[in-house]
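Visitor: My structure is in my_file-v5.pdb, and what it holds is PDB, C-alpha atoms:
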ATOM      1  CA  MET R 113     -85.285 -44.333   6.635
ATOM      2  CA  SER R 114     -86.292 -44.189  10.250
ATOM      3  CA  VAL R 115     -82.618 -43.897  11.095
ATOM      4  CA  ALA R 116     -82.573 -40.288   9.961
ATOM      5  CA  SER R 117     -85.324 -39.204  12.294
ATOM      6  CA  SER R 118     -83.682 -40.594  15.382
ATOM      7  CA  THR R 119     -80.236 -39.189  14.815
ATOM      8  CA  PRO R 120     -79.229 -35.653  15.619
ATOM      9  CA  SER R 121     -78.375 -33.382  12.743
ATOM     10  CA  PHE R 122     -74.652 -33.474  12.120
ATOM     11  CA  ALA R 123     -74.261 -29.954  11.009
ATOM     12  CA  SER R 124     -71.362 -27.667  11.693
ATOM     13  CA  HIS R 125     -72.556 -26.701  15.132
ATOM     14  CA  VAL R 126     -72.506 -30.240  16.494
ATOM     15  CA  VAL R 127     -70.255 -30.634  19.489
ATOM     16  CA  VAL R 128     -67.252 -32.666  18.606
ATOM     17  CA  ALA R 129     -64.513 -34.157  20.772
ATOM     18  CA  ALA R 130     -61.971 -31.494  21.686
ATOM     19  CA  PRO R 131     -59.111 -31.674  19.198
ATOM     20  CA  ARG R 132     -56.355 -31.972  21.749
ATOM     21  CA  SER R 133     -57.904 -34.646  23.902
ATOM     22  CA  THR R 134     -56.439 -38.108  23.918
ATOM     23  CA  GLY R 135     -59.930 -39.445  23.452
ATOM     24  CA  ALA R 136     -60.139 -37.736  20.097
ATOM     25  CA  LEU R 137     -56.690 -38.937  19.179
ATOM     26  CA  ALA R 138     -57.556 -42.528  19.999
ATOM     27  CA  ARG R 139     -60.804 -42.266  18.120
ATOM     28  CA  ALA R 140     -59.071 -40.796  15.099
ATOM     29  CA  ALA R 141     -56.527 -43.597  15.161
ATOM     30  CA  CYS R 142     -59.307 -46.178  15.189
ATOM     31  CA  LEU R 143     -60.961 -44.447  12.278
ATOM     32  CA  LEU R 144     -57.666 -44.407  10.414
ATOM     33  CA  ALA R 145     -57.338 -48.140  10.972
ATOM     34  CA  MET R 146     -60.892 -48.641   9.806
ATOM     35  CA  GLY R 147     -60.300 -46.535   6.722
ATOM     36  CA  SER R 148     -57.140 -48.444   5.911
ATOM     37  CA  VAL R 149     -58.890 -51.790   6.171
ATOM     38  CA  LEU R 150     -61.729 -50.557   3.996
ATOM     39  CA  GLY R 151     -59.239 -49.266   1.470
ATOM     40  CA  LEU R 152     -57.450 -52.605   1.370
ATOM     41  CA  VAL R 153     -60.685 -54.535   0.955
ATOM     42  CA  GLU R 154     -61.620 -52.239  -1.876
ATOM     43  CA  SER R 155     -58.273 -52.799  -3.556
ATOM     44  CA  TRP R 156     -59.069 -56.525  -3.585
ATOM     45  CA  LEU R 157     -62.505 -55.930  -5.045
ATOM     46  CA  VAL R 158     -61.344 -53.605  -7.818
ATOM     47  CA  PRO R 159     -60.544 -56.304 -10.406
ATOM     48  CA  ALA R 160     -63.988 -57.811  -9.937
ATOM     49  CA  LEU R 161     -65.804 -54.719 -11.138
ATOM     50  CA  PRO R 162     -66.500 -54.906 -14.868
ATOM     51  CA  LEU R 163     -66.771 -51.225 -15.591
ATOM     52  CA  PRO R 164     -63.654 -49.109 -15.744
ATOM     53  CA  GLY R 165     -63.582 -46.122 -13.478
ATOM     54  CA  VAL R 166     -66.164 -47.403 -11.007
ATOM     55  CA  ARG R 167     -64.980 -47.098  -7.440
ATOM     56  CA  LEU R 168     -66.769 -48.094  -4.262
ATOM     57  CA  GLY R 169     -65.204 -45.421  -2.128
ATOM     58  CA  LEU R 170     -65.527 -47.574   0.976
ATOM     59  CA  ALA R 171     -62.713 -45.801   2.782
ATOM     60  CA  ASN R 172     -64.635 -42.556   2.550
ATOM     61  CA  LEU R 173     -66.907 -43.994   5.206
ATOM     62  CA  ALA R 174     -64.124 -43.605   7.745
ATOM     63  CA  VAL R 175     -63.410 -40.050   6.631
ATOM     64  CA  VAL R 176     -67.044 -39.034   6.894
ATOM     65  CA  LEU R 177     -67.353 -40.610  10.331
ATOM     66  CA  ALA R 178     -64.174 -38.824  11.340
ATOM     67  CA  MET R 179     -65.623 -35.513  10.237
ATOM     68  CA  VAL R 180     -68.455 -35.996  12.681
ATOM     69  CA  LEU R 181     -66.634 -37.688  15.540
ATOM     70  CA  VAL R 182     -63.223 -36.044  15.648
ATOM     71  CA  GLY R 183     -63.452 -32.964  13.488
ATOM     72  CA  ASP R 184     -62.422 -31.872  10.037
ATOM     73  CA  GLY R 185     -58.713 -31.577  10.711
ATOM     74  CA  ARG R 186     -58.379 -35.112  12.022
ATOM     75  CA  ALA R 187     -60.594 -36.297   9.177
ATOM     76  CA  LEU R 188     -57.985 -35.006   6.762
ATOM     77  CA  ALA R 189     -55.344 -36.959   8.655
ATOM     78  CA  VAL R 190     -57.515 -40.067   8.421
ATOM     79  CA  SER R 191     -57.953 -39.504   4.702
ATOM     80  CA  ILE R 192     -54.307 -38.924   3.815
ATOM     81  CA  GLY R 193     -53.088 -41.498   6.304
ATOM     82  CA  ARG R 194     -55.327 -44.068   4.705
ATOM     83  CA  VAL R 195     -53.829 -43.383   1.276
ATOM     84  CA  ILE R 196     -50.308 -43.798   2.657
ATOM     85  CA  ILE R 197     -51.049 -46.971   4.584
ATOM     86  CA  VAL R 198     -52.977 -48.645   1.792
ATOM     87  CA  GLY R 199     -50.281 -47.580  -0.640
ATOM     88  CA  ALA R 200     -47.594 -49.121   1.528
ATOM     89  CA  ALA R 201     -49.618 -52.277   2.091
ATOM     90  CA  THR R 202     -50.348 -52.832  -1.585
ATOM     91  CA  GLY R 203     -46.862 -51.882  -2.686
ATOM     92  CA  SER R 204     -48.080 -49.001  -4.825
ATOM     93  CA  LEU R 205     -46.973 -46.140  -2.594
ATOM     94  CA  GLY R 206     -45.658 -43.252  -4.651
ATOM     95  CA  GLY R 207     -46.891 -44.777  -7.867
ATOM     96  CA  PRO R 208     -49.751 -43.660 -10.078
ATOM     97  CA  GLY R 209     -52.268 -45.473  -7.881
ATOM     98  CA  SER R 210     -51.207 -43.435  -4.891
ATOM     99  CA  ALA R 211     -51.287 -40.240  -6.900
ATOM    100  CA  LEU R 212     -54.833 -40.968  -8.005
ATOM    101  CA  ALA R 213     -55.940 -41.897  -4.501
ATOM    102  CA  ALA R 214     -54.260 -38.907  -2.866
ATOM    103  CA  GLY R 215     -55.734 -36.473  -5.355
ATOM    104  CA  GLY R 216     -59.156 -37.974  -4.901
ATOM    105  CA  ALA R 217     -58.904 -38.031  -1.124
ATOM    106  CA  LEU R 218     -57.810 -34.388  -0.948
ATOM    107  CA  ALA R 219     -60.533 -33.230  -3.303
ATOM    108  CA  ALA R 220     -63.182 -35.228  -1.461
ATOM    109  CA  TRP R 221     -62.150 -33.847   1.920
ATOM    110  CA  THR R 222     -62.068 -30.274   0.593
ATOM    111  CA  VAL R 223     -65.527 -30.551  -0.909
ATOM    112  CA  MET R 224     -67.018 -32.236   2.145
ATOM    113  CA  VAL R 225     -65.582 -29.702   4.565
ATOM    114  CA  ALA R 226     -66.636 -26.837   2.289
ATOM    115  CA  LEU R 227     -70.182 -28.209   2.220
ATOM    116  CA  ARG R 228     -70.181 -28.485   5.971
ATOM    117  CA  ARG R 229     -68.721 -25.032   6.637
ATOM    118  CA  LEU R 230     -70.725 -23.198   4.015
ATOM    119  CA  GLY R 231     -73.897 -25.238   4.033
ATOM    120  CA  GLY R 232     -74.362 -25.553   7.757
ATOM    121  CA  GLU R 233     -77.651 -27.179   8.549
ATOM    122  CA  ARG R 234     -78.666 -27.744   4.977
ATOM    123  CA  PHE R 235     -76.629 -30.841   4.236
ATOM    124  CA  SER R 236     -76.507 -34.096   6.113
ATOM    125  CA  VAL R 237     -73.794 -36.716   6.140
ATOM    126  CA  VAL R 238     -75.403 -38.237   3.075
ATOM    127  CA  GLY R 239     -74.942 -35.033   1.133
ATOM    128  CA  TRP R 240     -71.330 -34.695   2.238
ATOM    129  CA  SER R 241     -70.593 -38.262   1.279
ATOM    130  CA  ALA R 242     -72.269 -37.970  -2.109
ATOM    131  CA  ALA R 243     -70.494 -34.738  -3.004
ATOM    132  CA  GLY R 244     -67.226 -36.034  -1.617
ATOM    133  CA  SER R 245     -67.532 -39.162  -3.725
ATOM    134  CA  ALA R 246     -68.252 -37.184  -6.875
ATOM    135  CA  ALA R 247     -65.334 -34.858  -6.159
ATOM    136  CA  HIS R 248     -63.112 -37.856  -5.506
ATOM    137  CA  VAL R 249     -63.962 -39.412  -8.845
ATOM    138  CA  LEU R 250     -63.521 -36.155 -10.730
ATOM    139  CA  ALA R 251     -60.179 -35.438  -9.124
ATOM    140  CA  GLN R 252     -58.992 -38.976  -9.896
ATOM    141  CA  ILE R 253     -59.917 -38.515 -13.532
ATOM    142  CA  GLY R 254     -58.121 -35.188 -13.525
ATOM    143  CA  VAL R 255     -54.962 -36.756 -12.107
ATOM    144  CA  ALA R 256     -55.296 -39.601 -14.612
ATOM    145  CA  CYS R 257     -55.442 -37.075 -17.445
ATOM    146  CA  ALA R 258     -52.353 -35.335 -16.125
ATOM    147  CA  LEU R 259     -50.452 -38.605 -15.772
ATOM    148  CA  ALA R 260     -51.520 -39.911 -19.158
ATOM    149  CA  GLY R 261     -50.774 -36.610 -20.851
ATOM    150  CA  SER R 262     -54.069 -36.672 -22.691
ATOM    151  CA  PHE R 263     -57.751 -36.179 -22.169
ATOM    152  CA  ALA R 264     -58.576 -39.814 -22.834
ATOM    153  CA  PRO R 265     -59.612 -40.641 -19.226
ATOM    154  CA  LEU R 266     -62.484 -38.214 -19.638
ATOM    155  CA  PHE R 267     -64.302 -40.912 -21.595
ATOM    156  CA  VAL R 268     -65.308 -42.618 -18.359
ATOM    157  CA  ALA R 269     -66.035 -39.383 -16.521
ATOM    158  CA  PRO R 270     -69.852 -39.245 -16.694
ATOM    159  CA  VAL R 271     -70.347 -42.914 -15.827
ATOM    160  CA  SER R 272     -67.780 -42.741 -13.063
ATOM    161  CA  VAL R 273     -69.304 -39.639 -11.503
ATOM    162  CA  LEU R 274     -72.758 -41.182 -11.512
ATOM    163  CA  ALA R 275     -71.495 -44.440 -10.056
ATOM    164  CA  GLY R 276     -69.496 -42.527  -7.457
ATOM    165  CA  LEU R 277     -72.594 -40.561  -6.583
ATOM    166  CA  VAL R 278     -74.647 -43.716  -6.053
ATOM    167  CA  PHE R 279     -72.009 -45.274  -3.835
ATOM    168  CA  GLY R 280     -71.523 -41.964  -2.055
ATOM    169  CA  VAL R 281     -75.175 -41.874  -1.080
ATOM    170  CA  ILE R 282     -75.000 -45.485   0.080
ATOM    171  CA  ILE R 283     -71.883 -44.762   2.144
ATOM    172  CA  GLY R 284     -73.607 -41.717   3.562
ATOM    173  CA  TYR R 285     -76.553 -43.755   4.739
ATOM    174  CA  LEU R 286     -74.174 -46.340   6.130
ATOM    175  CA  ALA R 287     -72.462 -43.605   8.107
ATOM    176  CA  LEU R 288     -75.803 -42.368   9.372
ATOM    177  CA  LEU R 289     -76.684 -45.895  10.424
ATOM    178  CA  LEU R 290     -73.435 -46.334  12.299
ATOM    179  CA  LEU R 291     -73.659 -42.967  13.979
ATOM    180  CA  SER R 292     -77.170 -43.679  15.135
ATOM    181  CA  ARG R 293     -75.860 -46.663  17.065
ATOM    182  CA  ILE R 294     -73.431 -44.567  19.083
ATOM    183  CA  PRO R 295     -75.002 -43.384  22.338
ATOM    184  CA  LEU R 296     -75.525 -39.661  22.266
ATOM    185  CA  ALA R 297     -73.386 -39.220  25.359
ATOM    186  CA  ALA R 298     -70.332 -40.345  23.410
ATOM    187  CA  TYR R 299     -70.465 -37.246  21.267
ATOM    188  CA  ALA R 300     -70.020 -34.955  24.220
ATOM    189  CA  SER R 301     -67.144 -36.900  25.716
ATOM    190  CA  ARG R 302     -63.866 -35.133  26.012
TER     191      ARG R 302
ATOM    192  CA  MET J  68     -81.286 -37.110   3.540
ATOM    193  CA  THR J  69     -82.213 -33.461   3.689
ATOM    194  CA  LYS J  70     -83.901 -31.471   0.985
ATOM    195  CA  TRP J  71     -80.640 -29.834   0.061
ATOM    196  CA  ASP J  72     -78.931 -33.210  -0.146
ATOM    197  CA  ARG J  73     -81.432 -34.149  -2.790
ATOM    198  CA  VAL J  74     -80.828 -30.894  -4.631
ATOM    199  CA  LEU J  75     -77.093 -31.521  -4.555
ATOM    200  CA  VAL J  76     -77.392 -35.080  -5.841
ATOM    201  CA  ILE J  77     -79.743 -34.063  -8.652
ATOM    202  CA  ALA J  78     -77.436 -31.185  -9.577
ATOM    203  CA  ILE J  79     -74.469 -33.531  -9.845
ATOM    204  CA  VAL J  80     -76.475 -36.013 -11.926
ATOM    205  CA  VAL J  81     -77.568 -33.269 -14.306
ATOM    206  CA  LEU J  82     -74.011 -31.982 -14.517
ATOM    207  CA  ALA J  83     -72.662 -35.425 -15.307
ATOM    208  CA  ILE J  84     -75.215 -36.018 -18.036
ATOM    209  CA  THR J  85     -74.823 -32.633 -19.676
ATOM    210  CA  ALA J  86     -71.054 -32.935 -19.564
ATOM    211  CA  LEU J  87     -71.186 -36.188 -21.515
ATOM    212  CA  PRO J  88     -70.782 -34.709 -24.994
ATOM    213  CA  VAL J  89     -68.081 -32.313 -23.808
ATOM    214  CA  ALA J  90     -66.120 -35.065 -22.128
ATOM    215  CA  THR J  91     -66.352 -37.354 -25.137
ATOM    216  CA  ALA J  92     -65.229 -34.592 -27.467
ATOM    217  CA  LEU J  93     -62.290 -33.629 -25.278
ATOM    218  CA  ALA J  94     -61.255 -37.225 -24.864
ATOM    219  CA  GLY J  95     -61.486 -37.925 -28.581
ATOM    220  CA  GLY J  96     -57.803 -37.335 -29.036
ATOM    221  CA  GLY J  97     -58.288 -34.970 -31.912
ATOM    222  CA  ALA J  98     -55.625 -35.105 -34.536
ATOM    223  CA  ASN J  99     -54.629 -31.545 -35.103
ATOM    224  CA  ARG J 100     -51.194 -31.368 -36.646
ATOM    225  CA  VAL J 101     -48.912 -32.943 -39.182
ATOM    226  CA  VAL J 102     -45.254 -33.351 -38.343
ATOM    227  CA  ILE J 103     -42.896 -33.921 -41.246
ATOM    228  CA  THR J 104     -39.453 -35.033 -40.185
ATOM    229  CA  GLY J 105     -36.523 -35.567 -42.491
ATOM    230  CA  PRO J 106     -33.039 -34.513 -43.460
ATOM    231  CA  HIS J 107     -34.349 -30.953 -43.804
ATOM    232  CA  GLY J 108     -35.342 -30.867 -40.162
ATOM    233  CA  ARG J 109     -38.849 -30.806 -38.806
ATOM    234  CA  THR J 110     -41.958 -29.150 -40.148
ATOM    235  CA  VAL J 111     -45.128 -28.876 -38.117
ATOM    236  CA  LEU J 112     -48.314 -27.910 -39.896
ATOM    237  CA  PRO J 113     -51.943 -27.760 -38.789
ATOM    238  CA  ILE J 114     -54.038 -30.503 -40.298
ATOM    239  CA  GLY J 115     -57.015 -28.307 -40.928
ATOM    240  CA  VAL J 116     -55.330 -25.927 -43.354
ATOM    241  CA  PRO J 117     -55.011 -27.187 -46.957
ATOM    242  CA  ARG J 118     -51.376 -26.991 -47.963
ATOM    243  CA  ARG J 119     -48.844 -28.339 -50.314
ATOM    244  CA  VAL J 120     -45.291 -28.501 -49.010
ATOM    245  CA  THR J 121     -42.132 -29.937 -50.520
ATOM    246  CA  VAL J 122     -39.358 -31.091 -48.252
ATOM    247  CA  GLU J 123     -35.874 -32.117 -49.196
ATOM    248  CA  GLY J 124     -35.204 -35.797 -48.575
ATOM    249  CA  ALA J 125     -31.972 -37.749 -48.920
ATOM    250  CA  LEU J 126     -32.618 -38.566 -52.548
ATOM    251  CA  GLY J 127     -34.523 -35.507 -53.636
ATOM    252  CA  PRO J 128     -37.773 -33.663 -53.033
ATOM    253  CA  VAL J 129     -40.797 -35.205 -51.305
ATOM    254  CA  GLU J 130     -44.108 -33.451 -51.695
ATOM    255  CA  VAL J 131     -46.706 -33.648 -48.955
ATOM    256  CA  VAL J 132     -50.249 -32.398 -49.447
ATOM    257  CA  ILE J 133     -52.617 -31.634 -46.589
ATOM    258  CA  SER J 134     -56.251 -31.423 -47.609
ATOM    259  CA  ASP J 135     -59.639 -32.380 -46.178
ATOM    260  CA  GLY J 136     -58.112 -33.012 -42.771
ATOM    261  CA  ALA J 137     -55.717 -35.642 -44.093
ATOM    262  CA  ALA J 138     -52.106 -35.704 -45.164
ATOM    263  CA  ARG J 139     -50.542 -37.718 -47.928
ATOM    264  CA  VAL J 140     -47.376 -37.891 -49.951
ATOM    265  CA  THR J 141     -48.120 -36.999 -53.569
ATOM    266  CA  GLU J 142     -44.676 -37.039 -55.129
ATOM    267  CA  SER J 143     -41.411 -38.530 -54.082
ATOM    268  CA  SER J 144     -37.954 -39.052 -55.453
ATOM    269  CA  CYS J 145     -37.678 -42.582 -54.127
ATOM    270  CA  PRO J 146     -37.570 -45.559 -56.550
ATOM    271  CA  ASP J 147     -40.613 -47.533 -55.304
ATOM    272  CA  LYS J 148     -42.988 -44.715 -54.359
ATOM    273  CA  LEU J 149     -44.404 -46.755 -51.511
ATOM    274  CA  CYS J 150     -45.011 -43.587 -49.607
ATOM    275  CA  VAL J 151     -47.104 -42.164 -52.400
ATOM    276  CA  ARG J 152     -49.127 -45.359 -52.597
ATOM    277  CA  SER J 153     -49.745 -45.371 -48.826
ATOM    278  CA  GLY J 154     -52.652 -43.060 -49.231
ATOM    279  CA  PRO J 155     -53.901 -40.324 -46.926
ATOM    280  CA  ILE J 156     -53.598 -40.440 -43.171
ATOM    281  CA  ALA J 157     -55.863 -38.562 -40.804
ATOM    282  CA  ALA J 158     -55.875 -40.256 -37.420
ATOM    283  CA  ALA J 159     -53.511 -39.261 -34.651
ATOM    284  CA  GLY J 160     -50.528 -41.535 -34.493
ATOM    285  CA  HIS J 161     -50.736 -42.678 -38.089
ATOM    286  CA  ALA J 162     -47.700 -42.121 -40.253
ATOM    287  CA  VAL J 163     -46.412 -42.337 -43.782
ATOM    288  CA  VAL J 164     -42.736 -43.067 -44.138
ATOM    289  CA  CYS J 165     -40.430 -42.690 -47.112
ATOM    290  CA  ALA J 166     -37.493 -44.780 -45.987
ATOM    291  CA  PRO J 167     -35.055 -44.118 -48.846
ATOM    292  CA  ASN J 168     -35.493 -40.393 -48.364
ATOM    293  CA  GLY J 169     -35.596 -40.594 -44.591
ATOM    294  CA  VAL J 170     -38.815 -38.575 -44.467
ATOM    295  CA  THR J 171     -41.680 -39.369 -42.089
ATOM    296  CA  VAL J 172     -45.071 -37.700 -42.050
ATOM    297  CA  VAL J 173     -46.842 -38.236 -38.718
ATOM    298  CA  VAL J 174     -50.256 -36.997 -37.611
ATOM    299  CA  GLY J 175     -50.081 -35.711 -34.059
ATOM    300  CA  GLY J 176     -52.662 -34.629 -31.562
ATOM    301  CA  ASP J 177     -53.497 -36.825 -28.625
ATOM    302  CA  GLU J 178     -49.999 -38.040 -27.891
ATOM    303  CA  ARG J 179     -51.137 -41.610 -27.617
ATOM    304  CA  GLY J 180     -52.997 -41.765 -30.897
ATOM    305  CA  VAL J 181     -53.930 -45.299 -31.825
ATOM    306  CA  PHE J 182     -51.925 -46.916 -29.065
ATOM    307  CA  ASP J 183     -53.687 -48.075 -25.910
ATOM    308  CA  ALA J 184     -50.647 -47.651 -23.727
ATOM    309  CA  VAL J 185     -47.063 -46.575 -24.044
ATOM    310  CA  VAL J 186     -44.485 -48.133 -21.762
ATOM    311  CA  ARG J 187     -41.225 -46.367 -21.136
TER     312      ARG J 187
END
Just give me the structure as C-alpha cells.
Guide:
Amino acid sequence: MSVASSTPSFASHVVVAAPRSTGALARAACLLAMGSVLGLVESWLVPALPLPGVRLGLANLAVVLAMVLVGDGRALAVSIGRVIIVGAATGSLGGPGSALAAGGALAAWTVMVALRRLGGERFSVVGWSAAGSAAHVLAQIGVACALAGSFAPLFVAPVSVLAGLVFGVIIGYLALLLLSRIPLAAYASR
Amino acid sequence: MTKWDRVLVIAIVVLAITALPVATALAGGGANRVVITGPHGRTVLPIGVPRRVTVEGALGPVEVVISDGAARVTESSCPDKLCVRSGPIAAAGHAVVCAPNGVTVVVGGDERGVFDAVVR
C-alpha cells in the first residue's frame, strides 16, 4: 500500500502530544468517543455474524490511534473507558459481556504496548493491531473458560484467533490510512 | 507492514493451527470420575481404574462396576432392577439412578457434561 511509504514510522521514539496538555486530553476524549461508537456499532453487528467467537474488534482502532496520538497511558484509558461506556449503553455493564470485553481490552493493550516498548522500530501499527487483536481474542476465551467453569470455550479458540488476526491486520491498515491523513504538524502539537 | 509484522502474523497463525488439537482435547470435557451418592454418603472414584464397589442403599446393597471407562450397576436390591438394565454410562453428566435405594451413579468431569447451558 502506498500509504505505508508516505507515513512516518510510528515506533516508540515518535513524538507524541505531551501527556499533561489539554490538547492531548481533548484528543483522548475524542478517541474515547470514537471507540465507544465503534464498540456500540459492533455490538449491533454481533448477531449477524454466523460463526461463534468471531469479533470485528472495531473499537481497537481507537485504542491503536490513541497509542500513536496521545500515548500509551491515555490509550489504556480509552480502552477501559470504552468498555465501561459500551457496557452502560448496552445494559450489560458488570455482566459477563463486560468481563469478557474488559479482559480482552486489558490483554490487547498490554500486548500492544509491550510490542511497542520492546520491539521499537520493528513493528508498525499493523503489527500492534494484529497482535492486540489476537491477544484480545485469547483473553476473552480465557475469561469465558473461567466464567463457564470448563474448557469448552477453547473449541472456538483457533478459528477465533485467526479471524481476530485477519481483522486486526485490517484495523491496523485502517489506522495507518487515517494517520496518513493527519498533517504531520499535528503530531508535534502540544 | 514491516518485515517483523509479517513474522509476527505468521507466528500467530502457526501457533493457532498447531494449538488446534490441544484446544480440542482440552475442551472435550473429559469424563474422569464416577460419583456414587446414596444413603451411605458419597463415593468418588476415577473412571479409568477398573473397580467393583458395593454401596449400601435404602433397601440393601447396590453394586457398581467401573470397567473400560464406563460405570454400570450390576446388582441391586431394588424390586425392578431398572438401574441394572440401564446399561453402562461413560459420558460426563450421564447418570444411573436407583430410586428405591436412593442411589445415584453420576459420571463427572466437565461440569456441564451433556448440557449446553446451566441457568441458576
Visitor: Excluding stretch 123-128 of chain J and its own-chain neighbours fewer than 2 positions away, which residues fall within 6 Å of it when counting only C-alpha atoms? Please give them as a PyMOL selection string.
Guide: chain J and resi 106-107+144+168
Visitor: Go ahead and compute the interatomic distance for atom CA of J:Lys148 and atom CA of J:Ile133, in Å to one decimal.
Guide: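 Atom CA of J:Ile133 lies at a distance of 18.0 Å from atom CA of J:Lys148.
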Visitor: Convert the output of the PyMOL selection byres ((chain R) within 8 of (chain J)) on the shown file into explicit residues, formatted as a list in words.
Guide: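 In the shown coordinates, the PyMOL selection byres ((chain R) within 8 of (chain J)) covers Ala116, Arg234, Phe235, Ser236, Val237, Val238, Gly239, Ala242, Ala243, Ala246, Gly261, Ser262, Phe263, Ala264, Pro265, Leu266, Phe267, Ala269, Pro270, Val271, Val273, Leu274 and Leu277 of chain R.
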Visitor: Counting all atoms listed in the file, which of R:Gly216, R:Gly151, R:Gly207, R:Gly244 gets nearest to R:Arg194?
Guide: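 Counting all atoms listed in the file, the residue closest to R:Arg194 is R:Gly151.
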Visitor: Hey, which of J:Val172, J:Val129, J:Ala162, J:Ile156 ends up closest to J:Thr110? Count only C-alpha atoms.
Guide: J:Val172
Visitor: Run the PyMOL selection byres ((chain R and resi 141-144) around 7) on the file and write out the hits as a PDB file with C-alpha atoms, keeping the file's coordinate frame.
Guide:
ATOM      1  CA  LEU R 137     -56.690 -38.937  19.179  1.00  0.00           C
ATOM      2  CA  ALA R 138     -57.556 -42.528  19.999  1.00  0.00           C
ATOM      3  CA  ARG R 139     -60.804 -42.266  18.120  1.00  0.00           C
ATOM      4  CA  ALA R 140     -59.071 -40.796  15.099  1.00  0.00           C
ATOM      5  CA  ALA R 145     -57.338 -48.140  10.972  1.00  0.00           C
ATOM      6  CA  MET R 146     -60.892 -48.641   9.806  1.00  0.00           C
ATOM      7  CA  GLY R 147     -60.300 -46.535   6.722  1.00  0.00           C
ATOM      8  CA  SER R 148     -57.140 -48.444   5.911  1.00  0.00           C
ATOM      9  CA  ALA R 174     -64.124 -43.605   7.745  1.00  0.00           C
ATOM     10  CA  ALA R 178     -64.174 -38.824  11.340  1.00  0.00           C
ATOM     11  CA  VAL R 190     -57.515 -40.067   8.421  1.00  0.00           C
ATOM     12  CA  GLY R 193     -53.088 -41.498   6.304  1.00  0.00           C
ATOM     13  CA  ARG R 194     -55.327 -44.068   4.705  1.00  0.00           C
TER      14      ARG R 194
END
Visitor: For the provided coordinates, the residues matched by the PyMOL selection byres ((chain J and resi 164) around 10) should be stated as a list in words.
Guide: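 Output from the PyMOL selection byres ((chain J and resi 164) around 10), applied to this file: Ile103, Thr104, Gly105, Val140, Leu149, Cys150, Val151, Ser153, Ala162, Val163, Cys165, Ala166, Pro167, Asn168, Gly169, Val170, Thr171, Val172 and Val173 of chain J.
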Visitor: Measuring between all atoms listed in the file, which one of R:Ile192, R:Gly280, R:Asn172, R:Leu157 shows the shortest distance to R:Leu218?
Guide: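 Checking each of R:Ile192, R:Gly280, R:Asn172, R:Leu157 against R:Leu218, counting all atoms listed in the file, the winner is R:Ile192.
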Visitor: Quick one: of R:Val158, R:Leu168, R:Val225, R:Leu250, who's nearest to R:Gly185, counting all atoms listed in the file?
Guide: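 Smallest separation from R:Gly185 among the options: R:Val225.
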Visitor: Mind pulling up the distance from atom CA of R:Ala214 to atom CA of R:Leu181?
Guide: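 So the two atoms, atom CA of R:Leu181 and atom CA of R:Ala214, lie 22.2 Å apart.
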Visitor: Could you tell me how far atom CA of J:Glu142 sits from atom CA of J:Ala158, in Å to one decimal place?
Guide: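 The value is 21.2 Å.
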